[in-house]
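What follows is a set of notes on a single structure, which appears directly below.
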Amino acid sequence: MQVKAKWQGGRAFEAVGPTGYPMAMDATANYGGEGQAPTPTEMLLSALAGCIGIDVTMILKPHLDKIDSIEITVDGERREELPTAFTAATLLFDVKGDIDAKKVLRAIKLGEEKYCAVSASLKADVTYRLMLNGEEVEITE
């Protein structure tokens with residue numbers, strides 16, 4: 001896969017990958033940017049949520065009619081010294097619907113272990129949590 005990022009002035013870049021969709025990025029004012037677009041690190045965490053979310057919905061395809069909503073919140077922890085890389089990420093899946101927690105947990109586990117290229121590409125420790133209809137479900141290994 002190839003992605004090209006073209007400088008837009010200041011600290012802003014626009015990247016385009018094989019799908020052809022433009023992705024704008026900018027730095028915050030702390031780093032000389034204007035904050036006109038997501039930062040690359042925001043996009044990285046968004047990519048993590050999107051990747052595992054796509055995998056989970058693919059695995060749960062036969063049960064999607066029982067799911068009302070899925071929201072994934074990613075909390076990333078970063079080093080204080082440069083480079084301020086992510087050292088850990090926790091993904092909270094907030095699922096609403098009439099679906100067995102075991103099915104959702106299995107889909108998350110499969111996504112993590114077998115399918116999610118983004119989480120597999122990160123050096124950070126990535127953990128997952130599940131909220132089903134407002135109740136946290138304990139994840140047992």
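So you can find residues: chains in the structure tokens are A, B, ... in the order shown, residues in each start at 1, and ligands are numbered from 1 in order.
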Quick one: residues within 10 Å of region 90-105 of chain A, only C-alpha atoms, excluding same-chain residues fewer than 6 positions away - as a PyMOL selection string?
chain A and resi 45+48-49+52-53+56-57+59-60+63-77+111+125-140
Quick one: residues within 12 Å of Pro22 (chain A), only C-alpha atoms counted, chain neighbours fewer than 6 positions away excluded, as a PyMOL selection string?
chain A and resi 3-6+13-16+37
Point-to-point distance from CA of Met23 (chain A) to CA of Arg79 (chain A), Å rounded to tenths:
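We find that CA of Met23 (chain A) and CA of Arg79 (chain A) lie 25.8 Å from each other.
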List every residue of region 4-93 of chain A that DSSP, applied to the backbone of this structure, places in strand (DSSP E or B), and write the result as a count of residues only.
35
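Distances here use only C-alpha atoms; by that measure, the residue among A:Asp55, A:Gly17, A:Thr39, A:Gly9 closest to Lys109 (chain A) is A:Asp55.
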As an exercise, work out the distance from CA of Gly35 (chain A) to CA of Ala12 (chain A) in Å and give it to one decimal place.
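The value is 8.6 Å.
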Please report the interatomic distance between CA of Ala124 (chain A) and CA of Phe86 (chain A) in Å with one decimal.
5.8 Å
I'd like the contact shell of Pro40 (chain A) - 9 Å cut-off, only C-alpha atoms, skipping same-chain residues fewer than 5 positions apart - returned as JSON, numbers by chain.
{"A": [25, 26, 27, 45]}
Helix (DSSP H, G or I) per DSSP on the backbone: members of chain A, as a VMD selection string
chain A and resid 29 to 31 40 to 59 61 to 66 101 to 115 117 to 121
Give me the residues within 7 Å of Val118 (chain A) as a list in words, counting only C-alpha atoms and dropping any in the same chain fewer than 3 places off.
Ala47, Leu48, Cys51, Ser121 and Leu122 of chain A
Using only C-alpha atoms for the distances, tell me which of A:Thr19, A:Ala24, A:Ile54, A:Ser119 is nearest to Ala89 (chain A).
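Looking only at the distances to Ala89 (chain A), the closest residue turns out to be A:Ser119.
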Of the listed residues A:Lys114, A:Arg106, A:Lys123, A:Lys61, that which approaches Ala85 (chain A) most closely, counting only C-alpha atoms:
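Among the listed residues, the smallest separation from Ala85 (chain A) belongs to A:Lys123.
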